[in-house]
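Visitor: entry-v9.txt is the file, holding compact mmCIF, C-alpha atoms and all ligand atoms:
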# COMPACT_ATOMS: atom_id res chain seq x y z
CA MET A 1 0.00 0.00 0.00
CA ASN A 2 1.30 3.46 -0.86
CA LEU A 3 1.03 5.21 2.49
CA LYS A 4 3.31 8.00 1.28
CA SER A 5 0.43 9.50 -0.67
CA VAL A 6 -1.83 9.75 2.40
CA ASN A 7 -2.12 13.41 3.41
CA PRO A 8 -0.47 13.79 6.84
CA ARG A 9 -3.12 16.36 7.74
CA ALA A 10 -5.58 13.44 7.67
CA HIS A 11 -3.52 10.61 9.19
CA VAL A 12 0.10 10.42 10.35
CA ILE A 13 1.41 6.92 9.65
CA GLU A 14 5.05 7.19 8.58
CA SER A 15 7.53 10.00 8.01
CA GLN A 16 7.76 9.49 4.23
CA GLN A 17 4.41 11.32 4.12
CA PHE A 18 5.86 14.70 5.17
CA ASP A 19 6.77 17.00 2.28
CA ILE A 20 8.63 20.29 2.38
CA ASP A 21 5.49 22.48 2.46
CA PHE A 22 4.06 20.48 5.34
CA LEU A 23 7.32 20.72 7.29
CA GLU A 24 7.68 24.46 6.75
CA GLU A 25 4.15 25.13 7.90
CA LEU A 26 4.64 22.85 10.89
CA CYS A 27 7.87 24.57 11.95
CA ASP A 28 6.34 28.05 11.67
CA LEU A 29 3.34 26.97 13.69
CA THR A 30 5.53 25.21 16.26
CA LEU A 31 7.36 28.48 16.91
CA HIS A 32 4.01 30.22 17.29
CA MET A 33 2.87 27.58 19.80
CA LYS A 34 6.11 27.93 21.72
CA GLN A 35 5.72 31.69 21.99
CA ASN A 36 2.00 31.58 22.86
CA ARG A 37 1.60 28.27 24.65
CA ARG A 38 -1.06 29.41 27.13
CA ASN A 39 -2.75 31.75 24.73
CA VAL A 40 -3.20 29.94 21.44
CA GLY A 41 -7.00 29.99 21.41
CA ASP A 42 -9.42 27.13 21.73
CA GLU A 43 -8.82 25.67 18.27
CA LEU A 44 -9.93 22.22 19.41
CA ALA A 45 -12.79 23.27 21.68
CA GLY A 46 -15.62 20.75 21.54
CA LYS A 47 -13.30 18.04 20.21
CA ASN A 48 -12.14 14.87 21.94
CA VAL A 49 -8.73 13.27 21.59
CA LEU A 50 -8.34 9.60 22.52
CA ASN A 51 -4.79 8.43 23.26
CA MET A 52 -4.37 4.64 23.35
CA PHE A 53 -0.96 3.34 24.36
CA TRP A 54 -0.18 -0.37 24.21
CA GLU A 55 3.46 0.37 25.13
CA ALA A 56 5.12 2.38 27.89
CA SER A 57 5.46 6.11 27.29
CA SER A 58 6.17 9.26 29.27
CA ARG A 59 7.12 12.09 26.90
CA THR A 60 5.01 11.08 23.94
CA ALA A 61 1.80 10.34 25.83
CA LEU A 62 2.03 13.39 28.08
CA SER A 63 2.96 15.78 25.31
CA PHE A 64 0.08 14.58 23.11
CA VAL A 65 -2.40 14.90 25.98
CA ASN A 66 -1.18 18.33 27.02
CA ALA A 67 -0.87 19.59 23.44
CA ALA A 68 -4.55 18.76 22.87
CA GLN A 69 -5.55 20.34 26.18
CA TYR A 70 -3.71 23.61 25.48
CA LEU A 71 -5.78 23.81 22.30
CA GLY A 72 -9.00 23.33 24.25
CA ALA A 73 -9.74 19.65 23.52
CA LYS A 74 -10.90 17.06 26.03
CA THR A 75 -8.57 14.10 26.29
CA THR A 76 -8.62 10.48 27.38
CA LEU A 77 -5.43 8.50 27.92
CA ILE A 78 -5.48 4.71 28.07
CA VAL A 79 -2.14 3.34 29.18
CA ASN A 80 -1.36 -0.36 29.03
CA ALA A 81 -4.14 -0.61 26.44
CA GLY A 82 -3.37 -4.29 25.82
CA LYS A 83 -4.60 -4.97 29.34
CA PHE A 84 -7.23 -2.29 29.81
CA SER A 85 -9.01 -2.48 26.48
CA SER A 86 -10.94 -5.36 24.95
CA ALA A 87 -7.65 -6.45 23.41
CA SER A 88 -7.22 -8.41 26.66
CA LYS A 89 -10.36 -10.39 25.71
CA GLY A 90 -8.86 -11.25 22.35
CA GLU A 91 -10.35 -8.48 20.25
CA THR A 92 -8.35 -7.63 17.12
CA LEU A 93 -6.62 -4.26 16.89
CA GLU A 94 -8.73 -3.52 13.86
CA ASP A 95 -12.02 -3.95 15.75
CA THR A 96 -10.79 -2.02 18.80
CA ILE A 97 -9.78 0.92 16.60
CA ARG A 98 -12.88 0.80 14.46
CA VAL A 99 -15.13 1.04 17.51
CA SER A 100 -13.06 3.46 19.65
CA SER A 101 -12.61 5.89 16.79
CA ALA A 102 -16.36 6.44 16.63
CA TYR A 103 -16.29 7.99 20.13
CA THR A 104 -13.67 10.62 19.43
CA ASP A 105 -12.39 13.21 16.95
CA PHE A 106 -8.69 12.27 16.93
CA LEU A 107 -6.98 9.04 17.78
CA VAL A 108 -3.35 8.74 18.90
CA VAL A 109 -2.00 5.18 19.05
CA ARG A 110 1.24 3.56 20.21
CA HIS A 111 1.51 -0.18 19.63
CA ASN A 112 4.19 -2.84 19.78
CA HIS A 113 3.47 -4.30 16.33
CA ASP A 114 5.48 -2.98 13.39
CA ASP A 115 2.44 -2.71 11.12
CA ALA A 116 -0.01 -1.42 13.76
CA SER A 117 -0.07 2.09 12.37
CA GLU A 118 -1.14 0.95 8.93
CA GLN A 119 -3.87 -1.22 10.48
CA CYS A 120 -5.10 1.70 12.58
CA TYR A 121 -5.20 3.96 9.54
CA LEU A 122 -7.31 1.41 7.67
CA ALA A 123 -9.72 0.80 10.55
CA SER A 124 -10.09 4.28 12.01
CA ARG A 125 -12.93 6.62 11.16
CA VAL A 126 -11.17 9.77 12.42
CA PRO A 127 -7.71 11.33 11.92
CA THR A 128 -5.21 8.97 13.49
CA ILE A 129 -1.63 9.59 14.58
CA ASN A 130 1.10 6.99 14.95
CA ALA A 131 2.77 7.59 18.33
CA GLY A 132 5.24 4.71 17.75
CA SER A 133 4.70 1.39 16.04
CA GLY A 134 6.95 -1.50 17.07
CA LYS A 135 10.40 -1.36 15.48
CA SER A 136 9.16 0.45 12.42
CA GLN A 137 8.35 4.15 12.84
CA HIS A 138 7.78 7.04 15.20
CA PRO A 139 6.93 9.87 12.80
CA THR A 140 6.03 12.60 15.33
CA GLN A 141 9.37 12.02 17.07
CA ALA A 142 10.98 12.70 13.68
CA LEU A 143 9.00 15.95 13.49
CA LEU A 144 10.27 17.19 16.84
CA ASP A 145 13.81 16.05 15.98
CA PHE A 146 13.51 17.92 12.68
CA TYR A 147 12.30 21.09 14.40
CA THR A 148 15.19 20.91 16.88
CA ILE A 149 17.72 20.49 14.05
CA LYS A 150 16.25 23.35 12.01
CA ASP A 151 16.12 25.60 15.04
CA HIS A 152 19.81 25.05 15.73
CA PHE A 153 21.37 25.01 12.26
CA LYS A 154 18.81 27.25 10.50
CA ARG A 155 18.91 24.68 7.71
CA THR A 156 18.15 20.99 7.22
CA ASP A 157 20.46 20.17 4.30
CA ASN A 158 24.16 19.38 3.94
CA LEU A 159 24.41 17.84 7.39
CA SER A 160 26.42 14.85 8.46
CA ILE A 161 24.14 12.83 10.72
CA THR A 162 25.48 10.08 12.98
CA PHE A 163 23.06 7.61 14.50
CA VAL A 164 24.41 5.49 17.35
CA GLY A 165 23.10 2.45 19.22
CA ASP A 166 20.26 0.08 18.50
CA LEU A 167 19.59 0.98 14.88
CA LEU A 168 17.87 -2.34 14.19
CA ARG A 169 15.13 -2.20 16.82
CA GLY A 170 14.82 1.55 17.42
CA ARG A 171 12.09 3.31 15.43
CA THR A 172 13.12 6.94 15.90
CA VAL A 173 16.25 6.55 13.76
CA LYS A 174 14.27 5.07 10.89
CA SER A 175 11.67 7.85 10.89
CA LEU A 176 14.31 10.59 11.09
CA THR A 177 16.40 8.99 8.34
CA TYR A 178 13.43 8.90 5.97
CA LEU A 179 12.80 12.54 6.76
CA MET A 180 16.34 13.91 6.52
CA ALA A 181 17.03 11.91 3.34
CA LYS A 182 14.59 14.25 1.57
CA PHE A 183 17.06 17.15 1.85
CA PRO A 184 20.05 17.56 -0.48
CA GLY A 185 23.56 16.92 0.73
CA ASN A 186 22.65 15.14 3.97
CA SER A 187 24.77 12.08 4.68
CA PHE A 188 24.40 9.37 7.29
CA ASN A 189 26.80 7.46 9.54
CA PHE A 190 25.26 4.43 11.18
CA VAL A 191 27.28 3.36 14.24
CA ALA A 192 25.96 0.16 15.76
CA PRO A 193 27.08 -3.08 17.39
CA ASP A 194 27.04 -5.95 14.86
CA ASN A 195 23.87 -7.39 16.45
CA SER A 196 21.97 -4.10 16.08
CA ARG A 197 22.82 -2.77 12.61
CA ILE A 198 20.44 -0.62 10.56
CA ASP A 199 18.05 -2.72 8.51
CA ASP A 200 18.14 -3.33 4.78
CA GLY A 201 14.90 -1.42 4.10
CA ILE A 202 16.58 1.86 5.09
CA LYS A 203 19.74 1.09 3.11
CA THR A 204 17.72 0.26 -0.01
CA HIS A 205 15.81 3.51 0.38
CA LEU A 206 19.05 5.53 0.65
CA ASN A 207 20.60 3.68 -2.30
CA ASP A 208 17.52 4.41 -4.42
CA LEU A 209 17.80 8.12 -3.62
CA ASN A 210 21.59 8.11 -4.11
CA VAL A 211 22.13 9.35 -0.56
CA ALA A 212 25.59 8.78 0.95
CA TYR A 213 25.88 6.63 4.05
CA ILE A 214 28.39 4.46 5.85
CA GLU A 215 28.08 1.74 8.45
CA THR A 216 30.80 1.54 11.06
CA GLU A 217 31.54 0.37 14.59
CA ASP A 218 34.00 3.24 15.14
CA LEU A 219 32.22 5.87 17.22
CA LEU A 220 35.20 8.02 18.17
CA GLY A 221 36.41 8.41 14.59
CA THR A 222 32.91 9.34 13.46
CA LEU A 223 32.17 11.94 16.16
CA LYS A 224 34.69 14.38 14.66
CA LYS A 225 32.93 14.57 11.34
CA SER A 226 29.36 14.80 12.64
CA ASP A 227 27.04 17.79 12.69
CA ILE A 228 24.48 15.74 14.57
CA VAL A 229 25.22 12.87 16.94
CA TYR A 230 21.94 11.06 17.68
CA MET A 231 22.35 8.49 20.45
CA THR A 232 19.75 5.78 21.12
CA ARG A 233 18.93 3.24 23.80
CA VAL A 234 19.47 -0.47 23.20
CA GLN A 235 15.88 -1.77 23.15
CA LYS A 236 15.85 -4.60 25.66
CA GLU A 237 12.10 -5.14 25.25
CA ARG A 238 12.60 -5.99 21.56
CA PHE A 239 15.90 -7.85 21.86
CA GLY A 240 14.71 -11.45 22.23
CA SER A 241 14.38 -13.73 19.21
CA ASN A 242 10.91 -15.09 20.11
CA PRO A 243 8.60 -12.90 18.00
CA GLU A 244 5.67 -13.50 20.39
CA ARG A 245 7.68 -12.52 23.47
CA PRO A 246 10.69 -10.42 22.39
CA GLU A 247 10.97 -9.00 25.93
CA GLU A 248 11.91 -12.44 27.33
CA LEU A 249 15.65 -12.95 26.80
CA THR A 250 17.53 -16.22 27.05
CA PRO A 251 20.79 -16.01 29.07
CA GLU A 252 22.71 -15.84 25.75
CA GLU A 253 20.48 -13.05 24.47
CA ASN A 254 20.86 -11.20 27.72
CA ALA A 255 24.64 -11.38 27.38
CA GLU A 256 24.35 -10.02 23.81
CA TYR A 257 22.11 -7.24 25.08
CA GLU A 258 24.61 -6.28 27.78
CA ARG A 259 27.41 -6.27 25.22
CA ALA A 260 25.46 -3.97 22.90
CA ARG A 261 24.44 -1.71 25.75
CA ASP A 262 28.01 -1.23 26.96
CA MET A 263 29.50 -0.51 23.57
CA TYR A 264 28.88 3.20 22.97
CA LYS A 265 28.86 5.97 25.52
CA ILE A 266 29.22 9.72 25.37
CA ASP A 267 30.78 11.20 28.47
CA ARG A 268 33.10 14.01 29.45
CA ASN A 269 36.12 12.09 28.12
CA ASN A 270 34.92 12.00 24.53
CA ILE A 271 32.33 14.77 24.11
CA ASN A 272 34.99 17.19 22.94
CA LEU A 273 35.54 15.07 19.85
CA ILE A 274 32.18 16.46 18.69
CA PRO A 275 32.77 19.79 16.89
CA CYS A 276 31.74 22.97 18.76
CA ASN A 277 28.73 23.89 16.64
CA SER A 278 27.47 20.28 16.38
CA ILE A 279 24.65 18.91 18.50
CA LEU A 280 24.08 15.83 20.63
CA MET A 281 20.55 14.42 20.47
CA HIS A 282 18.63 11.51 22.02
CA PRO A 283 14.90 10.71 21.83
CA LEU A 284 15.00 9.66 25.52
CA PRO A 285 14.64 7.71 27.72
CA ARG A 286 18.39 7.24 28.08
CA LEU A 287 20.12 4.51 29.99
CA ASP A 288 23.85 5.10 30.33
CA GLU A 289 24.69 5.86 26.67
CA ILE A 290 24.93 9.55 27.55
CA SER A 291 26.49 10.33 30.90
CA LYS A 292 24.71 12.99 32.89
CA ASP A 293 27.96 14.86 33.31
CA VAL A 294 27.56 16.20 29.76
CA ASP A 295 23.99 17.44 30.30
CA HIS A 296 25.15 21.03 30.72
CA ASP A 297 27.34 20.99 27.63
CA GLU A 298 26.19 23.51 24.98
CA ARG A 299 25.94 20.69 22.44
CA ALA A 300 23.51 18.59 24.52
CA LYS A 301 20.04 19.20 23.07
CA TYR A 302 18.05 16.20 24.29
CA PHE A 303 15.97 17.99 26.92
CA ILE A 304 15.20 20.86 24.54
CA GLN A 305 14.31 18.21 21.96
CA ALA A 306 11.82 16.62 24.40
CA ASP A 307 10.39 20.05 25.32
CA ASN A 308 9.80 20.75 21.62
CA GLY A 309 7.57 17.66 21.49
CA LEU A 310 4.74 19.60 23.13
CA TYR A 311 4.83 22.49 20.63
CA VAL A 312 5.28 20.28 17.58
CA ARG A 313 2.26 18.21 18.62
CA MET A 314 0.21 21.36 19.25
CA ALA A 315 1.10 22.52 15.73
CA LEU A 316 0.25 19.11 14.30
CA PHE A 317 -3.17 19.02 15.98
CA LYS A 318 -3.94 22.47 14.62
CA MET A 319 -2.96 21.50 11.07
CA MET A 320 -5.03 18.32 11.23
CA ASN A 321 -7.97 20.16 12.73
CA ASP A 322 -7.86 22.80 9.97
CA TYR A 323 -7.90 20.12 7.29
CA ASN A 324 -11.26 19.17 5.90
CA TYR A 325 -11.26 15.49 6.86
CA ARG A 326 -13.52 13.36 4.62
C1 LIG B 1 11.42 6.44 21.93
C2 LIG B 1 10.41 5.42 21.43
O1 LIG B 1 9.40 5.18 22.08
O2 LIG B 1 10.66 4.89 20.36
N1 LIG B 1 10.97 7.24 22.99
C3 LIG B 1 10.23 8.36 22.73
O3 LIG B 1 9.11 8.28 22.27
N2 LIG B 1 10.82 9.54 22.93
C4 LIG B 1 12.78 5.89 22.15
C5 LIG B 1 12.95 4.70 23.04
O4 LIG B 1 12.01 4.18 23.64
O5 LIG B 1 14.09 4.29 23.17
What do you get writing this file as structure tokens?
Ligand code: NCD

Guide:
Amino acid sequence: MNLKSVNPRAHVIESQQFDIDFLEELCDLTLHMKQNRRNVGDELAGKNVLNMFWEASSRTALSFVNAAQYLGAKTTLIVNAGKFSSASKGETLEDTIRVSSAYTDFLVVRHNHDDASEQCYLASRVPTINAGSGKSQHPTQALLDFYTIKDHFKRTDNLSITFVGDLLRGRTVKSLTYLMAKFPGNSFNFVAPDNSRIDDGIKTHLNDLNVAYIETEDLLGTLKKSDIVYMTRVQKERFGSNPERPEELTPEENAEYERARDMYKIDRNNINLIPCNSILMHPLPRLDEISKDVDHDERAKYFIQADNGLYVRMALFKMMNDYNYR
């Protein structure tokens, strides 16, 4: 199915949907939301936003809920939706979404299955936003990452972007790669342990677009030539080989996980390898891949990045609300 042609003002499924016009409007509106957070008007008054989260979330869930509330909407948040929805009785995701979407005006869903977002899009009767789907995508994280990058560099092209960590199981890296690959001159360095390398789908996409990338295990050598260093957490909950229960690791898998987790760290001993005007990003939550003793470094942008999530999601709700859905 060609999801790329779905208007992101109607449904947000994957980051390939965002074009330059959409991104420019979103960034302008995000700045407006940031400057007028408590005074943006009741754009969503009379509307309901239902947030259903099958997976753990702090930043994403809370920023979606609060973004909708600042715009005047009423919100419902269901955490642990696998347990507290009829999914626990064996209902299919499709049926749950079909029915729940009739009670609301916007639906925000996080799910552990890679193709959940596509299923939600097909089943939902209202604008639906992917808040993270398994290992595959997290498109609104890419939007807030994009805003943070643009805000710092005042451009989004000709950047050398280094992704570090669990590039196989993490979804934020995939969504941001699809997004940044749209801009000329961007190049990618994928730094990962051999058990967590970036998947072939991304490499094929970059090859098709003729975008330069390398894969390496050498973090220190790569830091020096990076405009953006984007660290990620090794995803323990997706590390196991049993597709039904990837969170249950055998002793061998646990040892592999520990090895991957210990491999790359940014701390005060190596942060100065990153050039002065470059930035250090992380979608959070972090484990120990970024030491807290670099939190006050000028290059560390991860808390600003998380803060931007609220304003980006406010802007997104406004754009979706302004769009004449169906
Ligand atoms: C990320 C996610 O859920 O993919 N978190 C987030 O939404 N900021 C990253 C992660 O869980 O490691």

Visitor: Using all atoms listed in the file, determine which residues lie at most 10 Å from Thr216 in chain A, disregarding the query and same-chain residues fewer than 2 positions distant; provide the list as a list of chain:residue names.

Guide: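 Residues near the query, excluding close chain neighbours: A:Val164, A:Asn189, A:Phe190, A:Val191, A:Ala192, A:Pro193, A:Asp194, A:Arg197, A:Tyr213, A:Ile214, A:Asp218, A:Leu219, A:Gly221, A:Thr222.
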
Visitor: Rank A:Thr250, A:Asn277, A:Thr172, A:Thr30 by their smallest atom-to-atom distance to ligand LIG 1 (chain B), using all atoms listed in the file, and report the top residue only.

Guide: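 Smallest separation from ligand LIG 1 (chain B) among the options: A:Thr172.
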
Visitor: Could you give me, as a Markdown table, a per-residue list for chain A showing, wherever an atom lies at most 9 Å from an atom of ligand LIG 1 (chain B), the closest pair of atoms and their distance in Å to one decimal, using only C-alpha atoms and all ligand atoms and sorting by chain then residue number from low to high?

Guide:
| residue | atom | partner | partner_atom | distance |
| --- | --- | --- | --- | --- |
| A:Glu55 | CA | B:LIG1 | O1 | 8.2 |
| A:Ala56 | CA | B:LIG1 | O1 | 7.7 |
| A:Ser57 | CA | B:LIG1 | O3 | 6.6 |
| A:Ser58 | CA | B:LIG1 | O3 | 7.7 |
| A:Arg59 | CA | B:LIG1 | N2 | 6.0 |
| A:Thr60 | CA | B:LIG1 | O3 | 5.2 |
| A:Ala61 | CA | B:LIG1 | O3 | 8.4 |
| A:Arg110 | CA | B:LIG1 | O1 | 8.5 |
| A:Ala131 | CA | B:LIG1 | O3 | 7.5 |
| A:Gly132 | CA | B:LIG1 | O2 | 6.0 |
| A:Ser133 | CA | B:LIG1 | O2 | 8.2 |
| A:Gly134 | CA | B:LIG1 | O2 | 8.1 |
| A:Lys135 | CA | B:LIG1 | O2 | 7.9 |
| A:Gln137 | CA | B:LIG1 | O2 | 7.9 |
| A:His138 | CA | B:LIG1 | O2 | 6.3 |
| A:Thr140 | CA | B:LIG1 | O3 | 8.7 |
| A:Gln141 | CA | B:LIG1 | O3 | 6.4 |
| A:Asp166 | CA | B:LIG1 | O5 | 8.8 |
| A:Gly170 | CA | B:LIG1 | O2 | 6.1 |
| A:Arg171 | CA | B:LIG1 | O2 | 5.4 |
| A:Thr172 | CA | B:LIG1 | O2 | 5.5 |
| A:Val173 | CA | B:LIG1 | O2 | 8.8 |
| A:Thr232 | CA | B:LIG1 | O5 | 6.2 |
| A:Arg233 | CA | B:LIG1 | O5 | 5.0 |
| A:Val234 | CA | B:LIG1 | O5 | 7.2 |
| A:Gln235 | CA | B:LIG1 | O5 | 6.3 |
| A:His282 | CA | B:LIG1 | N2 | 8.1 |
| A:Pro283 | CA | B:LIG1 | N2 | 4.4 |
| A:Leu284 | CA | B:LIG1 | N2 | 4.9 |
| A:Pro285 | CA | B:LIG1 | O5 | 5.7 |
| A:Arg286 | CA | B:LIG1 | O5 | 7.2 |
| A:Ala306 | CA | B:LIG1 | N2 | 7.3 |
| A:Gly309 | CA | B:LIG1 | N2 | 8.9 |

Visitor: Counting all atoms listed in the file, which of A:Leu159, A:Met52, A:Tyr230, A:Asn195 gets nearest to Ala212 in chain A?

Guide: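 Looking only at the distances to Ala212 in chain A, the closest residue turns out to be A:Leu159.
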
Visitor: Any idea what the distance is between CA of Asn308 in chain A and CA of Thr148 in chain A?

Guide: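 Atom-to-atom, CA of Asn308 in chain A and CA of Thr148 in chain A are spaced 7.2 Å apart.
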
Visitor: Which residues are near Pro184 in chain A? Cut-off 12 Å, all atoms listed in the file, ignore same chain within fewer than 6 positions. Put them as a PyMOL selection string.

Guide: chain A and resi 155-160+209-212

Visitor: For CA of Tyr147 in chain A and CA of Arg261 in chain A, quote the distance in Å rounded to one decimal.

Guide: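 Answer for the CA of Tyr147 in chain A to CA of Arg261 in chain A separation: 28.2 Å.
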
Visitor: Under the rule that only C-alpha atoms are counted, which of A:Tyr178, A:Tyr325, A:Phe183, A:Phe317 is the nearest residue to Ala142 in chain A?

Guide: A:Tyr178

Visitor: Using only C-alpha atoms, find each residue of range 108-209 of chain A with at least one atom at most 10 Å away from an atom of range 16-23 of chain A; report its shortest atom-to-atom pair and that distance in Å (one decimal), sort the rows by chain and rising residue number, and return the result as a tab-separated table.

Guide:
residue	atom	partner	partner_atom	distance
A:Pro139	CA	A:Gln16	CA	8.6
A:Leu143	CA	A:Leu23	CA	8.0
A:Phe146	CA	A:Leu23	CA	8.7
A:Tyr147	CA	A:Leu23	CA	8.7
A:Ser175	CA	A:Gln16	CA	7.9
A:Leu176	CA	A:Gln16	CA	9.5
A:Thr177	CA	A:Gln16	CA	9.6
A:Tyr178	CA	A:Gln16	CA	6.0
A:Leu179	CA	A:Gln16	CA	6.4
A:Met180	CA	A:Gln16	CA	9.9
A:Ala181	CA	A:Gln16	CA	9.6
A:Lys182	CA	A:Asp19	CA	8.3
A:Phe183	CA	A:Ile20	CA	9.0

Visitor: Go ahead and find all residues with at least one atom no further than 12 Å from (35.1, 14.8, 23.3) in the file's coordinates, using only C-alpha atoms; report them as a PDB file with C-alpha atoms, in the frame of the given file.

Guide:
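Resulting contents of selection.pdb:
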ATOM      1  CA  LEU A 219      32.220   5.870  17.220  1.00  0.00           C
ATOM      2  CA  LEU A 220      35.200   8.020  18.170  1.00  0.00           C
ATOM      3  CA  GLY A 221      36.410   8.410  14.590  1.00  0.00           C
ATOM      4  CA  THR A 222      32.910   9.340  13.460  1.00  0.00           C
ATOM      5  CA  LEU A 223      32.170  11.940  16.160  1.00  0.00           C
ATOM      6  CA  LYS A 224      34.690  14.380  14.660  1.00  0.00           C
ATOM      7  CA  VAL A 229      25.220  12.870  16.940  1.00  0.00           C
ATOM      8  CA  LYS A 265      28.860   5.970  25.520  1.00  0.00           C
ATOM      9  CA  ILE A 266      29.220   9.720  25.370  1.00  0.00           C
ATOM     10  CA  ASP A 267      30.780  11.200  28.470  1.00  0.00           C
ATOM     11  CA  ARG A 268      33.100  14.010  29.450  1.00  0.00           C
ATOM     12  CA  ASN A 269      36.120  12.090  28.120  1.00  0.00           C
ATOM     13  CA  ASN A 270      34.920  12.000  24.530  1.00  0.00           C
ATOM     14  CA  ILE A 271      32.330  14.770  24.110  1.00  0.00           C
ATOM     15  CA  ASN A 272      34.990  17.190  22.940  1.00  0.00           C
ATOM     16  CA  LEU A 273      35.540  15.070  19.850  1.00  0.00           C
ATOM     17  CA  ILE A 274      32.180  16.460  18.690  1.00  0.00           C
ATOM     18  CA  PRO A 275      32.770  19.790  16.890  1.00  0.00           C
ATOM     19  CA  CYS A 276      31.740  22.970  18.760  1.00  0.00           C
ATOM     20  CA  SER A 278      27.470  20.280  16.380  1.00  0.00           C
ATOM     21  CA  LEU A 280      24.080  15.830  20.630  1.00  0.00           C
ATOM     22  CA  VAL A 294      27.560  16.200  29.760  1.00  0.00           C
ATOM     23  CA  ASP A 297      27.340  20.990  27.630  1.00  0.00           C
ATOM     24  CA  ARG A 299      25.940  20.690  22.440  1.00  0.00           C
TER      25      ARG A 299
END

Visitor: For CA of Met263 in chain A and CA of Arg245 in chain A, determine how far apart the two atoms are, in Å to one decimal place.

Guide: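 Result for CA of Met263 in chain A versus CA of Arg245 in chain A: 24.9 Å, one decimal.
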
Visitor: Would you pick out the contacts of Glu248 in chain A at 8 Å or less, using all atoms listed in the file, so that residues sharing its chain but fewer than 5 positions from it are not included, and give the list as a list in words?

Guide: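 Near Glu248 in chain A, the qualifying residues are Glu237, Gly240 and Asn242 of chain A.
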
Visitor: Calculated over all atoms listed in the file, which of the candidates A:Tyr70, A:Phe53, A:Tyr257, A:Ile161 has the smallest distance to His111 in chain A?

Guide: A:Phe53

Visitor: Counting all atoms listed in the file, find residues at most 8 Å from (-7.1, 9.6, 9.7) (file frame) and give them as a ChimeraX atom specification.

Guide: /A:10-12,106,121,124-129,325

Visitor: Compare A:Ser63, A:Thr104, A:Asn112, A:Met1 by their minimum atom-to-atom distance to Asn80 in chain A, counting all atoms listed in the file, and give me the closest one.

Guide: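 The answer is A:Asn112, which sits nearest to Asn80 in chain A.
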
Visitor: Looking at A:Ala255, A:Leu206, A:Ala315, A:Met320, which one is nearest to Leu26 in chain A, with distances taken over only C-alpha atoms?

Guide: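 Distance minimum relative to Leu26 in chain A lands on A:Ala315.
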
Visitor: Pick out the residues sitting within 9 Å of range 36-38 of chain A, and hand them over as number ranges by chain; count only C-alpha atoms, and ignore anything fewer than 4 positions along from it in its own chain.

Guide: A: 31-32, 70-71, 311, 314
